[in-house]
Amino acid sequence: MAAAASSAPPLLAFLQLLLLLAAFSPATATASRSSNPKAPFPAVTPLHLQALRQQRARAGSSAAKHVAADGASASDGTAAKPFTAHYFPQELDHFTFTPNASMLFHQRYLVNDTFWRRPTGGKGAAGPLFVYTGNEGDIEWFATNTGFMFDIAPKFGALLVFIEPFGNDSYNSAKTLGYLTSTQALADFAILIRSLKHNLSAEDAPVVVFGGSYGGMLASWFRLKYPHVAIGALASSAPILQFDYITPWSSFYDAVSQDYKSESLNCFSVIKATWDVLDERGANDKGLLELSKLFKACKTVKYSYSIRNWLWTAFTYTAMVDYPTPANFLENLPAYPVKEMCKIIDGYPANTDILEKAFAAASLYYNYTGNLTCNPIEDEDDPHGLGGWQWQACTEMIMPMTISNESMFPPSNFSYDDRSDECLQSWGVRPRPHWITTEYGGYKIDKVLKRFGSNIIFSNGMRDPWSRGGVLKNISSSIIALVTEKGAHHLDLRSATKGDPDWVIEQRRQEVEIIQGWIDQYHQDMAEI
């Protein structure tokens, strides 16, 4: 691994949040919300996520176990949502008996029972519960962008449940932020699922958990921690090995760079040369004004770093969502967007201003439809409620990342001590950088899970830079790695489309076959009991 040359730029941090999150994108998603998660890229911590515990500050009790809200039909003429929203009175803290531990907050979850085979009083088994273990953003956003579950629900007679492990109200106080942990999120899932099955008189119905990216990490960990609640897990693009020293620290950005280099060496070289030119031109007010005009900023930018982050986001996200069909999860993009970006760059004469090339390529990401008249480069926008992730990235979600000299991004390194100091300054806490591998494992995972775990699908596409931190080889006959060479972030969780290549269709077919086997085995075991 080539040595990096400078301290990690702050943009690495926020990048990692949206990075991991950026995935679920069925082309046929309904009820889509604003999809432009361009937050103030630079933050001081790596990676996305974490279960941001929902409204932990809101105490109160509820007589009802599961309170319904938000009907499936819309009264404003918009398309009906494919789910109903409900709220479950969840305990604040599952692991202590302090006075505040039994306080309640209302945890949101979504349900679609259109195809559910309901229990019939001994005359037939209830259909399974397919539960999505929610990510670090608005659960409706993820539910409407996880079409695979809706696609397969009829075959299985499944009840679909999407659980939101966080709430924006919890971000405002250190007293509530302390509950934003993966272990609390998993416990929330377990308690809600058991209560829901009881209320539906479906206590014998099997549960399979699904998740992508951070949600995929939670799904795999849930299967390991709560095997009595879920019979199996589909963990898509889940970088559970992106911690400690398990995965080379430069692997993420090396993978992004390789995506572009594989399309065009010139494209790669242009992007690599962009950063120094940008820094040089943005060194004074006159330069910033000129850059603002070149990049069509809605207002004059104050820092060249803002444009740097804007470009960085576009190039990195496009690599992540390099789907073989058009997508509109983060932004509206054509099929194979990395290839299309490189076509734009390569289409310019060699002597064209390098920043003009970079701007044109990034515009494919931000303005493929041509609807934008200017770019809100320095506007802070958090349409999907992702702001609280930075806390988690300063507590337990410490995923070291560096940038090697071979990358198309400026070299940088990583220091646990520096990260700790940054987090102390920002949040008043120091991270527990090795907690995840202590709690869930990771080292020698093949040897450990071969004898301990079962019934997990780890799916990854090698165009996705997060795949480098995923499980890429079969661990046992029931812990399966489904890897596609041309796949991207959570591609398998997208809705099926007519344009899907054969290898995507085959990957989903295998997933359905494996899940069917889990359910059949479960019913066979229950019959023997």
# chains A, B, ... in the order shown; residues from 1 in each chain; ligands from 1
>>> select_by_dssp(residues="range 287-485 of chain A", states="strand (DSSP E)", output="ChimeraX atom specification")
/A:456-461,479-484
>>> residues_around(residues="range 316-322 of chain A", least_positions_apart="4", cutoff="6 Å", atoms="only C-alpha atoms", output="MDAnalysis selection string")
chainID A and resid 256 336:337 464 488:489
>>> residues_around(residues="Phe189 in chain A", least_positions_apart="4", cutoff="12 Å", atoms="only C-alpha atoms", output="VMD selection string")
chain A and resid 51 53 88 90 to 91 94 107 to 109 131 to 134 161 to 166 182 to 185 193 to 196 207 209 215 218 to 219 221 to 223 225 to 226 229 to 230
>>> write_last_selection(atoms="N, CA and C atoms", output="CSV table (one decimal), in the first residue's frame")
chain,number,residue,atom,x,y,z
A,51,ALA,N,-27.1,3.7,13.5
A,51,ALA,CA,-28.5,3.8,13.9
A,51,ALA,C,-28.6,5.0,14.8
A,53,ARG,N,-30.6,6.8,17.1
A,53,ARG,CA,-31.8,6.3,17.8
A,53,ARG,C,-32.9,7.3,17.8
A,88,PHE,N,-44.1,2.4,17.3
A,88,PHE,CA,-44.0,1.5,18.3
A,88,PHE,C,-43.4,2.1,19.6
A,90,GLN,N,-41.1,2.2,22.1
A,90,GLN,CA,-39.8,1.5,22.4
A,90,GLN,C,-39.1,2.0,23.6
A,91,GLU,N,-38.5,1.1,24.4
A,91,GLU,CA,-37.8,1.6,25.5
A,91,GLU,C,-36.5,2.3,25.1
A,94,HIS,N,-31.9,-0.5,26.4
A,94,HIS,CA,-32.2,-2.0,26.6
A,94,HIS,C,-31.1,-2.6,27.5
A,107,GLN,N,-41.0,4.6,17.9
A,107,GLN,CA,-40.2,4.2,16.8
A,107,GLN,C,-41.0,4.0,15.5
A,108,ARG,N,-40.7,4.6,14.4
A,108,ARG,CA,-41.4,4.5,13.2
A,108,ARG,C,-41.1,3.2,12.4
A,109,TYR,N,-42.1,2.6,11.9
A,109,TYR,CA,-41.9,1.4,11.0
A,109,TYR,C,-43.0,1.4,10.0
A,131,VAL,N,-38.1,-8.3,6.8
A,131,VAL,CA,-37.9,-7.1,7.6
A,131,VAL,C,-36.6,-6.3,7.1
A,132,TYR,N,-36.8,-5.1,6.8
A,132,TYR,CA,-35.6,-4.3,6.4
A,132,TYR,C,-35.1,-3.6,7.6
A,133,THR,N,-33.8,-3.8,7.9
A,133,THR,CA,-33.1,-3.2,9.0
A,133,THR,C,-32.6,-1.8,8.6
A,134,GLY,N,-33.3,-0.8,9.0
A,134,GLY,CA,-33.1,0.6,8.4
A,134,GLY,C,-31.8,1.2,8.5
A,161,VAL,N,-41.8,-5.3,6.3
A,161,VAL,CA,-41.7,-4.4,7.4
A,161,VAL,C,-40.3,-3.6,7.2
A,162,PHE,N,-40.4,-2.3,7.3
A,162,PHE,CA,-39.2,-1.5,7.2
A,162,PHE,C,-39.1,-0.7,8.5
A,163,ILE,N,-38.0,-0.9,9.3
A,163,ILE,CA,-37.9,-0.3,10.6
A,163,ILE,C,-36.9,0.9,10.6
A,164,GLU,N,-37.2,2.0,11.1
A,164,GLU,CA,-36.3,3.2,11.1
A,164,GLU,C,-35.6,3.2,12.5
A,165,PRO,N,-34.3,3.1,12.5
A,165,PRO,CA,-33.6,3.1,13.8
A,165,PRO,C,-33.1,4.4,14.2
A,166,PHE,N,-33.7,5.5,13.8
A,166,PHE,CA,-33.2,6.8,14.3
A,166,PHE,C,-34.3,7.8,14.1
A,182,SER,N,-25.2,0.8,17.5
A,182,SER,CA,-25.7,-0.3,16.7
A,182,SER,C,-26.3,-1.3,17.6
A,183,THR,N,-25.8,-1.5,18.8
A,183,THR,CA,-26.4,-2.5,19.7
A,183,THR,C,-27.8,-2.2,20.1
A,184,GLN,N,-28.0,-0.9,20.4
A,184,GLN,CA,-29.4,-0.4,20.8
A,184,GLN,C,-30.3,-0.6,19.6
A,185,ALA,N,-29.8,-0.3,18.4
A,185,ALA,CA,-30.6,-0.5,17.2
A,185,ALA,C,-31.0,-1.9,17.0
A,193,ILE,N,-40.0,-6.6,16.4
A,193,ILE,CA,-40.4,-7.8,15.6
A,193,ILE,C,-41.2,-8.8,16.4
A,194,ARG,N,-40.7,-9.0,17.6
A,194,ARG,CA,-41.4,-10.0,18.5
A,194,ARG,C,-42.7,-9.5,18.9
A,195,SER,N,-42.8,-8.2,19.2
A,195,SER,CA,-44.1,-7.6,19.5
A,195,SER,C,-45.1,-7.7,18.4
A,196,LEU,N,-44.6,-7.3,17.2
A,196,LEU,CA,-45.4,-7.3,16.0
A,196,LEU,C,-46.0,-8.7,15.7
A,207,VAL,N,-38.8,-15.1,10.0
A,207,VAL,CA,-38.4,-13.8,9.8
A,207,VAL,C,-37.1,-13.8,9.0
A,209,VAL,N,-34.3,-11.0,7.5
A,209,VAL,CA,-33.9,-9.6,7.5
A,209,VAL,C,-33.1,-9.2,6.2
A,215,GLY,N,-27.4,-0.7,6.4
A,215,GLY,CA,-28.5,-1.5,6.8
A,215,GLY,C,-28.1,-3.0,6.6
A,218,LEU,N,-26.2,-4.1,9.6
A,218,LEU,CA,-27.1,-4.4,10.7
A,218,LEU,C,-27.8,-5.7,10.5
A,219,ALA,N,-28.2,-6.0,9.2
A,219,ALA,CA,-28.8,-7.2,8.9
A,219,ALA,C,-28.0,-8.4,9.3
A,221,TRP,N,-25.3,-8.5,11.3
A,221,TRP,CA,-25.1,-8.6,12.7
A,221,TRP,C,-26.3,-9.0,13.5
A,222,PHE,N,-27.5,-8.7,13.0
A,222,PHE,CA,-28.8,-9.1,13.6
A,222,PHE,C,-28.9,-10.6,13.6
A,223,ARG,N,-28.6,-11.2,12.4
A,223,ARG,CA,-28.6,-12.6,12.3
A,223,ARG,C,-27.7,-13.3,13.3
A,225,LYS,N,-26.5,-12.0,16.2
A,225,LYS,CA,-26.8,-11.7,17.6
A,225,LYS,C,-28.2,-12.2,18.0
A,226,TYR,N,-29.1,-12.3,17.0
A,226,TYR,CA,-30.5,-12.7,17.3
A,226,TYR,C,-31.0,-13.8,16.4
A,229,VAL,N,-34.6,-14.9,16.4
A,229,VAL,CA,-35.6,-13.9,15.9
A,229,VAL,C,-35.6,-14.0,14.4
A,230,ALA,N,-34.5,-14.1,13.7
A,230,ALA,CA,-34.4,-14.1,12.3
A,230,ALA,C,-33.7,-15.4,11.8
>>> atom_distance(atom1="CA of Ser426 in chain A", atom2="CA of Glu396 in chain A")
15.1 Å
>>> closest_residue(among="A:Asp525, A:Glu511, A:Asp276, A:Glu406", to="Val208 in chain A", atoms="only C-alpha atoms")
A:Glu511
>>> decode(residues="range 303-336 of chain A", atoms="N, CA and C atoms", output="PDB file, in the first residue's frame")
ATOM      1  N   TYR A 303     -14.928  29.303  -0.506  1.00  0.00           N
ATOM      2  CA  TYR A 303     -13.743  28.451  -0.371  1.00  0.00           C
ATOM      3  C   TYR A 303     -13.617  27.551  -1.597  1.00  0.00           C
ATOM      4  N   SER A 304     -12.396  27.410  -2.092  1.00  0.00           N
ATOM      5  CA  SER A 304     -12.184  26.490  -3.205  1.00  0.00           C
ATOM      6  C   SER A 304     -12.472  25.058  -2.777  1.00  0.00           C
ATOM      7  N   TYR A 305     -12.339  24.800  -1.474  1.00  0.00           N
ATOM      8  CA  TYR A 305     -12.608  23.452  -0.961  1.00  0.00           C
ATOM      9  C   TYR A 305     -14.050  23.046  -1.218  1.00  0.00           C
ATOM     10  N   SER A 306     -14.958  24.026  -1.259  1.00  0.00           N
ATOM     11  CA  SER A 306     -16.366  23.705  -1.513  1.00  0.00           C
ATOM     12  C   SER A 306     -16.535  23.101  -2.894  1.00  0.00           C
ATOM     13  N   ILE A 307     -15.845  23.682  -3.877  1.00  0.00           N
ATOM     14  CA  ILE A 307     -15.908  23.133  -5.228  1.00  0.00           C
ATOM     15  C   ILE A 307     -15.209  21.775  -5.268  1.00  0.00           C
ATOM     16  N   ARG A 308     -14.121  21.678  -4.543  1.00  0.00           N
ATOM     17  CA  ARG A 308     -13.408  20.398  -4.471  1.00  0.00           C
ATOM     18  C   ARG A 308     -14.341  19.306  -3.948  1.00  0.00           C
ATOM     19  N   ASN A 309     -15.062  19.612  -2.898  1.00  0.00           N
ATOM     20  CA  ASN A 309     -15.992  18.634  -2.329  1.00  0.00           C
ATOM     21  C   ASN A 309     -17.118  18.305  -3.298  1.00  0.00           C
ATOM     22  N   TRP A 310     -17.573  19.314  -4.007  1.00  0.00           N
ATOM     23  CA  TRP A 310     -18.656  19.137  -4.978  1.00  0.00           C
ATOM     24  C   TRP A 310     -18.224  18.165  -6.075  1.00  0.00           C
ATOM     25  N   LEU A 311     -17.022  18.347  -6.574  1.00  0.00           N
ATOM     26  CA  LEU A 311     -16.490  17.435  -7.584  1.00  0.00           C
ATOM     27  C   LEU A 311     -16.247  16.047  -7.001  1.00  0.00           C
ATOM     28  N   TRP A 312     -15.652  16.031  -5.822  1.00  0.00           N
ATOM     29  CA  TRP A 312     -15.301  14.763  -5.160  1.00  0.00           C
ATOM     30  C   TRP A 312     -16.550  13.904  -4.971  1.00  0.00           C
ATOM     31  N   THR A 313     -17.616  14.542  -4.507  1.00  0.00           N
ATOM     32  CA  THR A 313     -18.873  13.826  -4.301  1.00  0.00           C
ATOM     33  C   THR A 313     -19.371  13.233  -5.607  1.00  0.00           C
ATOM     34  N   ALA A 314     -19.363  14.026  -6.654  1.00  0.00           N
ATOM     35  CA  ALA A 314     -19.883  13.551  -7.936  1.00  0.00           C
ATOM     36  C   ALA A 314     -19.102  12.346  -8.444  1.00  0.00           C
ATOM     37  N   PHE A 315     -17.773  12.427  -8.410  1.00  0.00           N
ATOM     38  CA  PHE A 315     -16.963  11.338  -8.942  1.00  0.00           C
ATOM     39  C   PHE A 315     -17.101  10.072  -8.092  1.00  0.00           C
ATOM     40  N   THR A 316     -17.171  10.251  -6.780  1.00  0.00           N
ATOM     41  CA  THR A 316     -17.233   9.074  -5.903  1.00  0.00           C
ATOM     42  C   THR A 316     -18.602   8.419  -5.937  1.00  0.00           C
ATOM     43  N   TYR A 317     -19.652   9.219  -5.840  1.00  0.00           N
ATOM     44  CA  TYR A 317     -21.001   8.641  -5.860  1.00  0.00           C
ATOM     45  C   TYR A 317     -21.299   7.965  -7.189  1.00  0.00           C
ATOM     46  N   THR A 318     -20.821   8.575  -8.256  1.00  0.00           N
ATOM     47  CA  THR A 318     -21.069   7.988  -9.568  1.00  0.00           C
ATOM     48  C   THR A 318     -20.426   6.611  -9.673  1.00  0.00           C
ATOM     49  N   ALA A 319     -19.246   6.458  -9.091  1.00  0.00           N
ATOM     50  CA  ALA A 319     -18.612   5.133  -9.067  1.00  0.00           C
ATOM     51  C   ALA A 319     -19.435   4.151  -8.249  1.00  0.00           C
ATOM     52  N   MET A 320     -19.944   4.608  -7.124  1.00  0.00           N
ATOM     53  CA  MET A 320     -20.743   3.733  -6.278  1.00  0.00           C
ATOM     54  C   MET A 320     -21.995   3.239  -6.978  1.00  0.00           C
ATOM     55  N   VAL A 321     -22.687   4.166  -7.657  1.00  0.00           N
ATOM     56  CA  VAL A 321     -23.959   3.815  -8.286  1.00  0.00           C
ATOM     57  C   VAL A 321     -23.782   3.651  -9.794  1.00  0.00           C
ATOM     58  N   ASP A 322     -22.710   2.975 -10.180  1.00  0.00           N
ATOM     59  CA  ASP A 322     -22.436   2.734 -11.594  1.00  0.00           C
ATOM     60  C   ASP A 322     -23.316   1.584 -12.088  1.00  0.00           C
ATOM     61  N   TYR A 323     -24.616   1.824 -12.079  1.00  0.00           N
ATOM     62  CA  TYR A 323     -25.597   0.796 -12.399  1.00  0.00           C
ATOM     63  C   TYR A 323     -25.700   0.564 -13.903  1.00  0.00           C
ATOM     64  N   PRO A 324     -26.091  -0.620 -14.312  1.00  0.00           N
ATOM     65  CA  PRO A 324     -26.227  -0.934 -15.736  1.00  0.00           C
ATOM     66  C   PRO A 324     -27.539  -0.437 -16.338  1.00  0.00           C
ATOM     67  N   THR A 325     -28.385   0.183 -15.520  1.00  0.00           N
ATOM     68  CA  THR A 325     -29.643   0.744 -15.998  1.00  0.00           C
ATOM     69  C   THR A 325     -29.795   2.148 -15.415  1.00  0.00           C
ATOM     70  N   PRO A 326     -30.624   2.994 -16.022  1.00  0.00           N
ATOM     71  CA  PRO A 326     -30.835   4.339 -15.464  1.00  0.00           C
ATOM     72  C   PRO A 326     -31.332   4.269 -14.022  1.00  0.00           C
ATOM     73  N   ALA A 327     -30.919   5.255 -13.217  1.00  0.00           N
ATOM     74  CA  ALA A 327     -31.266   5.252 -11.802  1.00  0.00           C
ATOM     75  C   ALA A 327     -31.552   6.671 -11.351  1.00  0.00           C
ATOM     76  N   ASN A 328     -32.312   6.790 -10.256  1.00  0.00           N
ATOM     77  CA  ASN A 328     -32.627   8.124  -9.743  1.00  0.00           C
ATOM     78  C   ASN A 328     -32.613   8.181  -8.228  1.00  0.00           C
ATOM     79  N   PHE A 329     -31.749   7.383  -7.614  1.00  0.00           N
ATOM     80  CA  PHE A 329     -31.734   7.345  -6.145  1.00  0.00           C
ATOM     81  C   PHE A 329     -31.108   8.604  -5.561  1.00  0.00           C
ATOM     82  N   LEU A 330     -29.866   8.852  -5.873  1.00  0.00           N
ATOM     83  CA  LEU A 330     -29.212  10.073  -5.396  1.00  0.00           C
ATOM     84  C   LEU A 330     -29.479  11.219  -6.356  1.00  0.00           C
ATOM     85  N   GLU A 331     -29.232  10.963  -7.612  1.00  0.00           N
ATOM     86  CA  GLU A 331     -29.519  11.910  -8.678  1.00  0.00           C
ATOM     87  C   GLU A 331     -29.993  11.105  -9.886  1.00  0.00           C
ATOM     88  N   ASN A 332     -30.642  11.766 -10.813  1.00  0.00           N
ATOM     89  CA  ASN A 332     -31.001  11.091 -12.055  1.00  0.00           C
ATOM     90  C   ASN A 332     -29.729  10.826 -12.853  1.00  0.00           C
ATOM     91  N   LEU A 333     -29.503   9.564 -13.178  1.00  0.00           N
ATOM     92  CA  LEU A 333     -28.284   9.185 -13.881  1.00  0.00           C
ATOM     93  C   LEU A 333     -28.602   8.199 -15.003  1.00  0.00           C
ATOM     94  N   PRO A 334     -27.805   8.221 -16.059  1.00  0.00           N
ATOM     95  CA  PRO A 334     -27.994   7.240 -17.126  1.00  0.00           C
ATOM     96  C   PRO A 334     -27.392   5.888 -16.731  1.00  0.00           C
ATOM     97  N   ALA A 335     -27.609   4.895 -17.537  1.00  0.00           N
ATOM     98  CA  ALA A 335     -26.938   3.609 -17.330  1.00  0.00           C
ATOM     99  C   ALA A 335     -25.429   3.795 -17.488  1.00  0.00           C
ATOM    100  N   TYR A 336     -24.682   3.029 -16.732  1.00  0.00           N
ATOM    101  CA  TYR A 336     -23.212   3.078 -16.752  1.00  0.00           C
ATOM    102  C   TYR A 336     -22.694   4.523 -16.699  1.00  0.00           C
TER     103      TYR A 336
END
